[in-house]
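So this block is target35.pdb, PDB, C-alpha atoms:
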```pdb
ATOM      1  CA  MET A 145     -33.434 -51.344 -63.680
ATOM      2  CA  THR A 146     -29.824 -52.434 -63.701
ATOM      3  CA  ASP A 147     -29.933 -56.009 -62.337
ATOM      4  CA  GLN A 148     -31.889 -58.094 -64.843
ATOM      5  CA  THR A 149     -31.142 -61.553 -63.450
ATOM      6  CA  MET A 150     -34.816 -62.488 -62.957
ATOM      7  CA  ILE A 151     -36.123 -61.551 -66.404
ATOM      8  CA  GLY A 152     -38.477 -64.242 -67.662
ATOM      9  CA  ARG A 153     -39.177 -65.540 -64.142
ATOM     10  CA  VAL A 154     -42.672 -65.474 -62.652
ATOM     11  CA  CYS A 155     -42.795 -64.971 -58.885
ATOM     12  CA  MET A 156     -45.564 -64.880 -56.291
ATOM     13  CA  VAL A 157     -45.052 -63.197 -52.927
ATOM     14  CA  THR A 158     -47.705 -63.388 -50.208
ATOM     15  CA  GLY A 159     -48.120 -60.669 -47.629
ATOM     16  CA  ALA A 160     -46.608 -58.404 -50.256
ATOM     17  CA  THR A 161     -48.072 -55.021 -49.339
ATOM     18  CA  ALA A 162     -45.981 -54.346 -46.228
ATOM     19  CA  GLY A 163     -42.824 -55.317 -44.380
ATOM     20  CA  LEU A 164     -40.756 -58.263 -45.562
ATOM     21  CA  GLY A 165     -43.149 -59.170 -48.351
ATOM     22  CA  GLU A 166     -43.140 -55.714 -49.891
ATOM     23  CA  VAL A 167     -39.343 -55.482 -49.775
ATOM     24  CA  THR A 168     -38.989 -58.953 -51.304
ATOM     25  CA  ALA A 169     -41.494 -58.255 -54.073
ATOM     26  CA  ARG A 170     -39.776 -54.960 -54.900
ATOM     27  CA  ALA A 171     -36.358 -56.623 -55.050
ATOM     28  CA  LEU A 172     -37.656 -59.289 -57.444
ATOM     29  CA  ALA A 173     -39.269 -56.589 -59.573
ATOM     30  CA  GLU A 174     -36.006 -54.624 -59.662
ATOM     31  CA  ARG A 175     -34.333 -57.734 -61.060
ATOM     32  CA  GLY A 176     -36.827 -57.896 -63.897
ATOM     33  CA  ALA A 177     -39.172 -60.615 -62.630
ATOM     34  CA  GLN A 178     -42.867 -60.740 -63.343
ATOM     35  CA  VAL A 179     -44.197 -60.486 -59.791
ATOM     36  CA  VAL A 180     -47.655 -61.270 -58.450
ATOM     37  CA  LEU A 181     -48.269 -59.532 -55.141
ATOM     38  CA  VAL A 182     -50.803 -61.217 -52.850
ATOM     39  CA  SER A 183     -52.504 -59.608 -49.856
ATOM     40  CA  ARG A 184     -56.041 -59.412 -48.508
ATOM     41  CA  ASP A 185     -56.392 -55.599 -48.666
ATOM     42  CA  ALA A 186     -57.325 -54.730 -52.248
ATOM     43  CA  VAL A 187     -57.192 -50.951 -51.717
ATOM     44  CA  LYS A 188     -53.749 -51.069 -50.152
ATOM     45  CA  GLY A 189     -52.654 -53.582 -52.763
ATOM     46  CA  ALA A 190     -53.544 -51.263 -55.620
ATOM     47  CA  ALA A 191     -51.601 -48.422 -54.004
ATOM     48  CA  VAL A 192     -48.523 -50.557 -53.331
ATOM     49  CA  LEU A 193     -48.649 -51.963 -56.862
ATOM     50  CA  GLU A 194     -48.651 -48.507 -58.437
ATOM     51  CA  ARG A 195     -45.873 -47.284 -56.154
ATOM     52  CA  MET A 196     -43.756 -50.366 -56.867
ATOM     53  CA  ARG A 197     -44.177 -49.960 -60.621
ATOM     54  CA  GLN A 198     -42.923 -46.395 -60.330
ATOM     55  CA  GLN A 199     -40.029 -47.352 -58.034
ATOM     56  CA  THR A 200     -38.763 -50.226 -60.154
ATOM     57  CA  GLY A 201     -39.747 -49.228 -63.685
ATOM     58  CA  ASN A 202     -41.174 -52.735 -64.050
ATOM     59  CA  ALA A 203     -44.678 -52.792 -65.539
ATOM     60  CA  ALA A 204     -44.966 -56.603 -65.297
ATOM     61  CA  LEU A 205     -46.380 -56.508 -61.776
ATOM     62  CA  GLU A 206     -49.825 -57.671 -60.689
ATOM     63  CA  PHE A 207     -51.863 -57.647 -57.515
ATOM     64  CA  MET A 208     -54.211 -60.493 -56.604
ATOM     65  CA  PRO A 209     -56.252 -60.098 -53.416
ATOM     66  CA  ALA A 210     -56.710 -63.096 -51.133
ATOM     67  CA  ASP A 211     -57.288 -63.829 -47.471
ATOM     68  CA  LEU A 212     -54.820 -66.666 -46.983
ATOM     69  CA  SER A 213     -56.516 -67.867 -43.816
ATOM     70  CA  SER A 214     -59.535 -68.790 -45.975
ATOM     71  CA  GLN A 215     -59.294 -72.022 -47.933
ATOM     72  CA  ALA A 216     -61.949 -70.873 -50.398
ATOM     73  CA  ASP A 217     -59.986 -67.684 -51.048
ATOM     74  CA  ILE A 218     -56.763 -69.650 -51.568
ATOM     75  CA  ARG A 219     -58.484 -71.886 -54.109
ATOM     76  CA  ARG A 220     -59.925 -68.846 -55.876
ATOM     77  CA  LEU A 221     -56.469 -67.222 -55.954
ATOM     78  CA  VAL A 222     -54.930 -70.336 -57.493
ATOM     79  CA  ARG A 223     -57.662 -70.501 -60.156
ATOM     80  CA  GLN A 224     -57.100 -66.827 -60.980
ATOM     81  CA  PHE A 225     -53.330 -67.210 -61.125
ATOM     82  CA  THR A 226     -53.219 -70.408 -63.199
ATOM     83  CA  SER A 227     -55.786 -69.066 -65.658
ATOM     84  CA  ILE A 228     -53.242 -66.363 -66.560
ATOM     85  CA  HIS A 229     -49.864 -67.908 -65.811
ATOM     86  CA  PRO A 230     -48.785 -71.368 -67.017
ATOM     87  CA  ARG A 231     -45.495 -71.001 -65.115
ATOM     88  CA  LEU A 232     -44.367 -70.096 -61.595
ATOM     89  CA  HIS A 233     -40.663 -70.052 -60.803
ATOM     90  CA  VAL A 234     -40.569 -68.613 -57.267
ATOM     91  CA  LEU A 235     -43.199 -68.854 -54.529
ATOM     92  CA  VAL A 236     -42.506 -66.892 -51.341
ATOM     93  CA  ASN A 237     -44.831 -67.889 -48.500
ATOM     94  CA  ASN A 238     -44.571 -64.882 -46.209
ATOM     95  CA  ALA A 239     -48.076 -63.869 -45.057
ATOM     96  CA  ALA A 240     -48.465 -64.448 -41.320
ATOM     97  CA  GLY A 241     -50.223 -63.195 -38.218
ATOM     98  CA  SER A 242     -49.924 -63.300 -34.446
ATOM     99  CA  TYR A 243     -52.955 -62.703 -32.230
ATOM    100  CA  SER A 244     -53.319 -62.046 -28.523
ATOM    101  CA  ARG A 245     -56.727 -63.728 -28.297
ATOM    102  CA  ARG A 246     -57.996 -66.887 -29.903
ATOM    103  CA  ARG A 247     -59.831 -66.391 -33.183
ATOM    104  CA  GLU A 248     -61.056 -68.773 -35.833
ATOM    105  CA  SER A 249     -60.799 -68.544 -39.596
ATOM    106  CA  ALA A 250     -63.747 -68.736 -41.983
ATOM    107  CA  ASP A 251     -63.192 -72.509 -41.959
ATOM    108  CA  GLY A 252     -63.478 -72.747 -38.161
ATOM    109  CA  ILE A 253     -59.745 -73.284 -37.632
ATOM    110  CA  GLU A 254     -57.658 -71.379 -35.087
ATOM    111  CA  LEU A 255     -56.493 -68.338 -37.020
ATOM    112  CA  THR A 256     -52.735 -68.505 -36.362
ATOM    113  CA  PHE A 257     -52.591 -72.144 -37.464
ATOM    114  CA  ALA A 258     -54.911 -71.465 -40.412
ATOM    115  CA  LEU A 259     -52.911 -68.539 -41.788
ATOM    116  CA  ASN A 260     -49.321 -69.273 -40.804
ATOM    117  CA  HIS A 261     -49.266 -73.001 -41.533
ATOM    118  CA  LEU A 262     -52.305 -74.183 -43.485
ATOM    119  CA  GLY A 263     -52.079 -71.117 -45.736
ATOM    120  CA  TYR A 264     -48.543 -72.151 -46.751
ATOM    121  CA  PHE A 265     -49.583 -75.787 -47.054
ATOM    122  CA  LEU A 266     -52.680 -75.385 -49.207
ATOM    123  CA  LEU A 267     -51.408 -72.619 -51.498
ATOM    124  CA  THR A 268     -48.171 -74.480 -52.190
ATOM    125  CA  ASN A 269     -49.828 -77.824 -52.826
ATOM    126  CA  LEU A 270     -52.345 -76.315 -55.231
ATOM    127  CA  LEU A 271     -49.505 -74.638 -57.154
ATOM    128  CA  LEU A 272     -47.201 -77.679 -57.261
ATOM    129  CA  ASP A 273     -48.141 -78.774 -60.768
ATOM    130  CA  THR A 274     -47.338 -75.281 -62.052
ATOM    131  CA  LEU A 275     -44.073 -75.173 -60.103
ATOM    132  CA  ARG A 276     -43.020 -78.601 -61.402
ATOM    133  CA  ALA A 277     -43.770 -77.511 -64.959
ATOM    134  CA  SER A 278     -41.549 -74.450 -64.388
ATOM    135  CA  ALA A 279     -38.514 -76.280 -62.971
ATOM    136  CA  PRO A 280     -36.037 -75.196 -61.879
ATOM    137  CA  ALA A 281     -38.345 -73.502 -59.399
ATOM    138  CA  ARG A 282     -38.110 -72.464 -55.763
ATOM    139  CA  ILE A 283     -40.353 -72.285 -52.705
ATOM    140  CA  VAL A 284     -39.260 -70.041 -49.840
ATOM    141  CA  ASN A 285     -41.141 -70.425 -46.555
ATOM    142  CA  VAL A 286     -40.596 -67.576 -44.119
ATOM    143  CA  ALA A 287     -39.959 -69.160 -40.726
ATOM    144  CA  SER A 288     -38.502 -67.970 -37.431
ATOM    145  CA  GLU A 289     -35.921 -68.823 -34.800
ATOM    146  CA  VAL A 290     -38.724 -68.906 -32.203
ATOM    147  CA  HIS A 291     -39.551 -72.418 -33.425
ATOM    148  CA  ARG A 292     -36.789 -73.660 -31.107
ATOM    149  CA  GLN A 293     -38.810 -72.800 -27.990
ATOM    150  CA  VAL A 294     -41.794 -75.117 -28.487
ATOM    151  CA  SER A 295     -43.123 -78.490 -29.542
ATOM    152  CA  LEU A 296     -46.490 -79.248 -31.103
ATOM    153  CA  GLU A 297     -49.341 -80.392 -28.886
ATOM    154  CA  TRP A 298     -50.813 -83.056 -31.115
ATOM    155  CA  ASP A 299     -53.992 -83.384 -29.066
ATOM    156  CA  ASP A 300     -54.586 -79.614 -29.108
ATOM    157  CA  LEU A 301     -53.081 -78.258 -32.344
ATOM    158  CA  GLN A 302     -55.706 -75.528 -32.519
ATOM    159  CA  ALA A 303     -55.329 -74.466 -28.882
ATOM    160  CA  ARG A 304     -58.939 -75.060 -27.955
ATOM    161  CA  ARG A 305     -58.172 -75.947 -24.334
ATOM    162  CA  ARG A 306     -55.673 -73.184 -23.663
ATOM    163  CA  PHE A 307     -54.490 -70.355 -25.866
ATOM    164  CA  ASN A 308     -51.440 -68.141 -25.701
ATOM    165  CA  GLY A 309     -50.940 -65.941 -28.726
ATOM    166  CA  TYR A 310     -47.169 -65.936 -28.792
ATOM    167  CA  ARG A 311     -46.986 -69.681 -28.163
ATOM    168  CA  ALA A 312     -49.446 -70.270 -31.007
ATOM    169  CA  TYR A 313     -47.197 -68.187 -33.258
ATOM    170  CA  MET A 314     -44.078 -70.105 -32.203
ATOM    171  CA  ARG A 315     -45.782 -73.420 -32.897
ATOM    172  CA  SER A 316     -46.869 -72.229 -36.331
ATOM    173  CA  LYS A 317     -43.227 -71.477 -37.108
ATOM    174  CA  LEU A 318     -42.220 -74.994 -36.064
ATOM    175  CA  ALA A 319     -44.971 -76.240 -38.360
ATOM    176  CA  ASN A 320     -43.322 -74.240 -41.178
ATOM    177  CA  LEU A 321     -40.132 -76.241 -40.645
ATOM    178  CA  TYR A 322     -41.949 -79.578 -40.630
ATOM    179  CA  PHE A 323     -43.704 -78.543 -43.851
ATOM    180  CA  THR A 324     -40.469 -77.408 -45.510
ATOM    181  CA  TYR A 325     -38.588 -80.614 -44.787
ATOM    182  CA  GLU A 326     -41.463 -82.943 -45.686
ATOM    183  CA  LEU A 327     -42.154 -81.065 -48.909
ATOM    184  CA  ALA A 328     -38.475 -81.167 -49.870
ATOM    185  CA  ARG A 329     -38.480 -84.952 -49.445
ATOM    186  CA  ARG A 330     -41.600 -85.304 -51.588
ATOM    187  CA  LEU A 331     -40.174 -83.083 -54.337
ATOM    188  CA  GLN A 332     -36.788 -84.789 -54.666
ATOM    189  CA  GLY A 333     -35.833 -85.101 -58.313
ATOM    190  CA  THR A 334     -38.494 -82.700 -59.600
ATOM    191  CA  GLY A 335     -36.282 -79.614 -59.940
ATOM    192  CA  VAL A 336     -38.387 -77.750 -57.350
ATOM    193  CA  THR A 337     -36.343 -76.798 -54.300
ATOM    194  CA  VAL A 338     -37.642 -75.723 -50.895
ATOM    195  CA  TYR A 339     -36.069 -73.434 -48.305
ATOM    196  CA  ALA A 340     -37.050 -72.047 -44.907
ATOM    197  CA  ALA A 341     -35.821 -68.555 -44.079
ATOM    198  CA  SER A 342     -35.696 -66.805 -40.719
ATOM    199  CA  PRO A 343     -35.225 -63.046 -41.120
ATOM    200  CA  GLY A 344     -34.501 -62.446 -37.435
ATOM    201  CA  LEU A 345     -36.467 -59.932 -35.384
ATOM    202  CA  VAL A 346     -37.859 -57.378 -37.819
ATOM    203  CA  LYS A 347     -39.648 -54.107 -37.158
ATOM    204  CA  THR A 348     -43.022 -54.946 -38.692
ATOM    205  CA  ASN A 349     -46.655 -54.810 -37.582
ATOM    206  CA  LEU A 350     -46.715 -58.553 -36.898
ATOM    207  CA  GLY A 351     -48.100 -59.152 -33.418
ATOM    208  CA  LEU A 352     -49.509 -55.646 -33.076
ATOM    209  CA  GLN A 353     -52.982 -56.391 -34.419
ATOM    210  CA  ASP A 354     -54.823 -56.965 -31.142
ATOM    211  CA  GLY A 355     -53.012 -54.705 -28.714
ATOM    212  CA  GLY A 356     -52.520 -55.940 -25.152
ATOM    213  CA  MET A 357     -49.369 -57.282 -23.506
ATOM    214  CA  ASP A 358     -48.201 -59.254 -26.571
ATOM    215  CA  ALA A 359     -48.266 -56.092 -28.671
ATOM    216  CA  PHE A 360     -46.483 -54.099 -25.941
ATOM    217  CA  MET A 361     -43.705 -56.706 -25.784
ATOM    218  CA  LYS A 362     -43.380 -56.769 -29.573
ATOM    219  CA  ARG A 363     -43.095 -52.970 -29.758
ATOM    220  CA  THR A 364     -40.449 -53.031 -27.046
ATOM    221  CA  MET A 365     -38.428 -55.738 -28.823
ATOM    222  CA  ASN A 366     -38.751 -53.829 -32.107
ATOM    223  CA  VAL A 367     -37.196 -50.759 -30.517
ATOM    224  CA  LEU A 368     -34.438 -52.641 -28.698
ATOM    225  CA  MET A 369     -33.455 -55.338 -31.186
ATOM    226  CA  GLY A 370     -35.445 -55.200 -34.404
ATOM    227  CA  VAL A 371     -33.931 -54.624 -37.835
ATOM    228  CA  THR A 372     -35.642 -52.865 -40.705
ATOM    229  CA  PRO A 373     -37.681 -54.887 -43.232
ATOM    230  CA  ASP A 374     -35.120 -53.904 -45.878
ATOM    231  CA  LYS A 375     -32.384 -55.627 -43.907
ATOM    232  CA  GLY A 376     -34.514 -58.526 -42.710
ATOM    233  CA  ALA A 377     -35.658 -59.421 -46.222
ATOM    234  CA  GLN A 378     -32.144 -59.882 -47.619
ATOM    235  CA  GLY A 379     -31.988 -63.580 -46.744
ATOM    236  CA  ILE A 380     -35.375 -64.213 -48.334
ATOM    237  CA  ILE A 381     -34.306 -62.379 -51.489
ATOM    238  CA  HIS A 382     -31.066 -64.365 -51.583
ATOM    239  CA  LEU A 383     -32.894 -67.701 -51.447
ATOM    240  CA  SER A 384     -35.326 -66.510 -54.118
ATOM    241  CA  THR A 385     -32.664 -65.430 -56.593
ATOM    242  CA  ALA A 386     -29.114 -66.624 -55.865
ATOM    243  CA  PRO A 387     -27.706 -69.164 -58.348
ATOM    244  CA  GLU A 388     -25.468 -70.709 -55.676
ATOM    245  CA  VAL A 389     -28.427 -72.211 -53.771
ATOM    246  CA  GLN A 390     -30.016 -73.717 -56.871
ATOM    247  CA  GLY A 391     -30.211 -77.481 -56.392
ATOM    248  CA  LEU A 392     -30.006 -77.292 -52.605
ATOM    249  CA  THR A 393     -33.242 -78.159 -50.862
ATOM    250  CA  GLY A 394     -34.772 -78.815 -47.468
ATOM    251  CA  GLN A 395     -32.495 -76.353 -45.695
ATOM    252  CA  TYR A 396     -32.971 -73.663 -43.059
ATOM    253  CA  TYR A 397     -31.315 -70.258 -43.288
ATOM    254  CA  VAL A 398     -31.071 -67.529 -40.687
ATOM    255  CA  LYS A 399     -30.382 -64.065 -42.092
ATOM    256  CA  GLY A 400     -29.216 -65.694 -45.319
ATOM    257  CA  LYS A 401     -26.824 -68.194 -43.735
ATOM    258  CA  PHE A 402     -27.391 -71.937 -43.478
ATOM    259  CA  MET A 403     -28.088 -73.132 -39.944
ATOM    260  CA  ARG A 404     -29.419 -76.281 -38.362
ATOM    261  CA  SER A 405     -32.902 -75.816 -37.001
ATOM    262  CA  SER A 406     -34.006 -77.441 -33.746
ATOM    263  CA  ASP A 407     -33.473 -81.183 -33.341
ATOM    264  CA  ALA A 408     -37.232 -81.621 -33.021
ATOM    265  CA  SER A 409     -37.845 -80.016 -36.419
ATOM    266  CA  TYR A 410     -36.014 -82.864 -38.198
ATOM    267  CA  ASP A 411     -38.291 -85.586 -36.818
ATOM    268  CA  GLN A 412     -39.725 -87.233 -39.943
ATOM    269  CA  ALA A 413     -42.532 -88.981 -38.095
ATOM    270  CA  SER A 414     -43.773 -85.615 -36.825
ATOM    271  CA  SER A 415     -43.494 -83.903 -40.211
ATOM    272  CA  SER A 416     -45.347 -86.771 -41.873
ATOM    273  CA  ARG A 417     -48.032 -86.694 -39.187
ATOM    274  CA  LEU A 418     -48.525 -82.950 -39.563
ATOM    275  CA  TRP A 419     -48.695 -83.334 -43.343
ATOM    276  CA  GLN A 420     -51.517 -85.857 -43.066
ATOM    277  CA  ILE A 421     -53.450 -83.740 -40.557
ATOM    278  CA  SER A 422     -53.004 -80.689 -42.778
ATOM    279  CA  ALA A 423     -54.183 -82.585 -45.860
ATOM    280  CA  GLU A 424     -57.327 -83.630 -44.030
ATOM    281  CA  LEU A 425     -58.012 -80.126 -42.688
ATOM    282  CA  THR A 426     -57.635 -78.603 -46.165
ATOM    283  CA  GLY A 427     -59.605 -81.277 -48.006
ATOM    284  CA  LEU A 428     -56.627 -82.497 -49.986
ATOM    285  CA  GLY A 429     -56.985 -85.994 -48.559
ATOM    286  CA  ARG A 430     -54.446 -88.772 -48.305
ATOM    287  CA  GLN A 431     -53.189 -88.337 -51.866
ATOM    288  CA  SER A 432     -52.521 -84.609 -51.800
ATOM    289  CA  PRO A 433     -50.682 -83.040 -54.786
ATOM    290  CA  GLY A 434     -47.422 -83.140 -52.826
ATOM    291  CA  ALA A 435     -47.473 -86.923 -52.563
ATOM    292  CA  ARG A 436     -45.188 -88.773 -54.923
TER     293      ARG A 436
END
```
What would you get if you wrote out this structure as structure tokens?
Amino acid sequence: MTDQTMIGRVCMVTGATAGLGEVTARALAERGAQVVLVSRDAVKGAAVLERMRQQTGNAALEFMPADLSSQADIRRLVRQFTSIHPRLHVLVNNAAGSYSRRRESADGIELTFALNHLGYFLLTNLLLDTLRASAPARIVNVASEVHRQVSLEWDDLQARRRFNGYRAYMRSKLANLYFTYELARRLQGTGVTVYAASPGLVKTNLGLQDGGMDAFMKRTMNVLMGVTPDKGAQGIIHLSTAPEVQGLTGQYYVKGKFMRSSDASYDQASSSRLWQISAELTGLGRQSPGAR
């Protein structure tokens, strides 16, 4: 390893066994960080962990399995992590899914919303005490430019009346922005900064799980416009490591460059409303750990 800028830093990357997550975790490991890789597939996780140790020469890597659409699994993951690690300096919320047909999580919540939004929300809130104790610390939420195309349907957040897989995904990415901005406001003055990062269209397996027309369109876009995970992850890596963004918070970056997100995403009443709904759905209640 030649770049040792992350030595002494503990990082967690979700969705770390493929695509953007794997590239991000490897880059942090190459910089000397102690990296915890999180993914639901334990067999694949063990293989990726061993390969990454060999690639980076960094033995301080761990794999912790968790299904981040399951609230019980998230709570178990946090107990496992905090029992070993008193500090966490970088949390990268990357795990996500897109589904062509409506599914529900183990908690009875529409799966896209459960994984892409509530997974970020619950994991981050349960780790906030550890992040605060590690300040300066960073939270990077992987978002997407597709958030600009939708608004939230407050009376049908879980798409019970009508479901469109791509629309559900777009709305989950808008929810990521609401979460980022609300969390940044709640963490002002703590030394924990929060960023949202859009990697652009990346050639990954996201959206290919169920087949059908959504998967066909995603494959076509991958071929025509998609970039490699190695290129797409650069903005996420930058926000996780770069000293020049330290102290900045509540900002949105597209391919590593600051950009204003949609006007709707800055609505504080909406972000506060979503926070309260999310706290109730995850059992955190009115006084969740993110409340000041």
Given the file shown, enumerate the residues that the PyMOL selection byres ((chain A and resi 305-322) around 9) captures and present them as a count of residues only.
53
Spatial neighbours of Leu428 (chain A), 12 Å, all atoms listed in the file, chain gap at least 5 places, as number ranges by chain:
A: 215, 219, 262, 265-270, 419-423, 433-435
Edge lengths and centre in Å to one decimal, as lines of an AutoDock Vina configuration file, of the axis-aligned box that encloses all listed atoms of region 204-208 of chain A with 5 Å added on every side?
```
center_x = -49.6
center_y = -58.5
center_z = -61.0
size_x = 19.2
size_y = 14.0
size_z = 18.7
```
re CA of Val346 (chain A) and CA of Val371 (chain A): distance 4.8 Å
Across A:Val336, A:Ala250, A:Val192, A:Ala210, the smallest distance to Leu271 (chain A), with all atoms listed in the file counted, is shown by A:Val336
Open item on the list: To test your reading of the syntax: which residues would the PyMOL selection byres ((chain A and resi 154-162) around 7) return for the file shown? Reply as a ChimeraX atom specification.
Closed with: /A:152-153,163-166,169,177-183,188-189,192,231-239
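In this structure, CA of Pro387 (chain A) sits 24.8 Å away from CA of Met196 (chain A).
Atom pair CA of Gly379 (chain A) / CA of Gly176 (chain A) has a distance of 18.7 Å (rounded to one decimal).
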Point to revise | Closest of A:Met403, A:Ala203, A:Ala216, A:Leu275 to Pro230 (chain A) - atom-to-atom distances counting only C-alpha atoms | key: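 Of the candidates, the smallest distance to Pro230 (chain A) is held by A:Leu275.
Ranking A:Gly391, A:Ala413, A:Ala386, A:Glu254 by their shortest atom-to-atom distance to Thr334 (chain A), with all atoms listed in the file included, puts A:Gly391 first.
The closest residue to His382 (chain A), picked from A:Leu172, A:Ala258, A:Ala190, A:Leu212 and counting all atoms listed in the file, is A:Leu172.
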Report task. Determine the residue membership of the PyMOL selection byres ((chain A and resi 147) around 10) for the file above and supply it as a list in words. Result ->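 On the file shown, the PyMOL selection byres ((chain A and resi 147) around 10) covers Met145, Thr146, Gln148, Thr149, Met150, Ile151, Ala171, Leu172, Ala173, Glu174, Arg175 and Gly176 of chain A.
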Store the residues picked out above, limited to C-alpha atoms, as a tab-separated table (two decimals), in the coordinates of the input.
```tsv
chain	number	residue	atom	x	y	z
A	145	MET	CA	-33.43	-51.34	-63.68
A	146	THR	CA	-29.82	-52.43	-63.70
A	148	GLN	CA	-31.89	-58.09	-64.84
A	149	THR	CA	-31.14	-61.55	-63.45
A	150	MET	CA	-34.82	-62.49	-62.96
A	151	ILE	CA	-36.12	-61.55	-66.40
A	171	ALA	CA	-36.36	-56.62	-55.05
A	172	LEU	CA	-37.66	-59.29	-57.44
A	173	ALA	CA	-39.27	-56.59	-59.57
A	174	GLU	CA	-36.01	-54.62	-59.66
A	175	ARG	CA	-34.33	-57.73	-61.06
A	176	GLY	CA	-36.83	-57.90	-63.90
```
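Shortest separation to Ala277 (chain A) among A:Ile228, A:Thr426, A:Gly335, A:Leu193 occurs at residue A:Gly335, atoms counted being all atoms listed in the file.
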Min atom-atom distance to Val167 (chain A) from the set A:Leu383, A:Ile218, A:Ala377, A:Ala204, counting all atoms listed in the file, belongs to A:Ala377
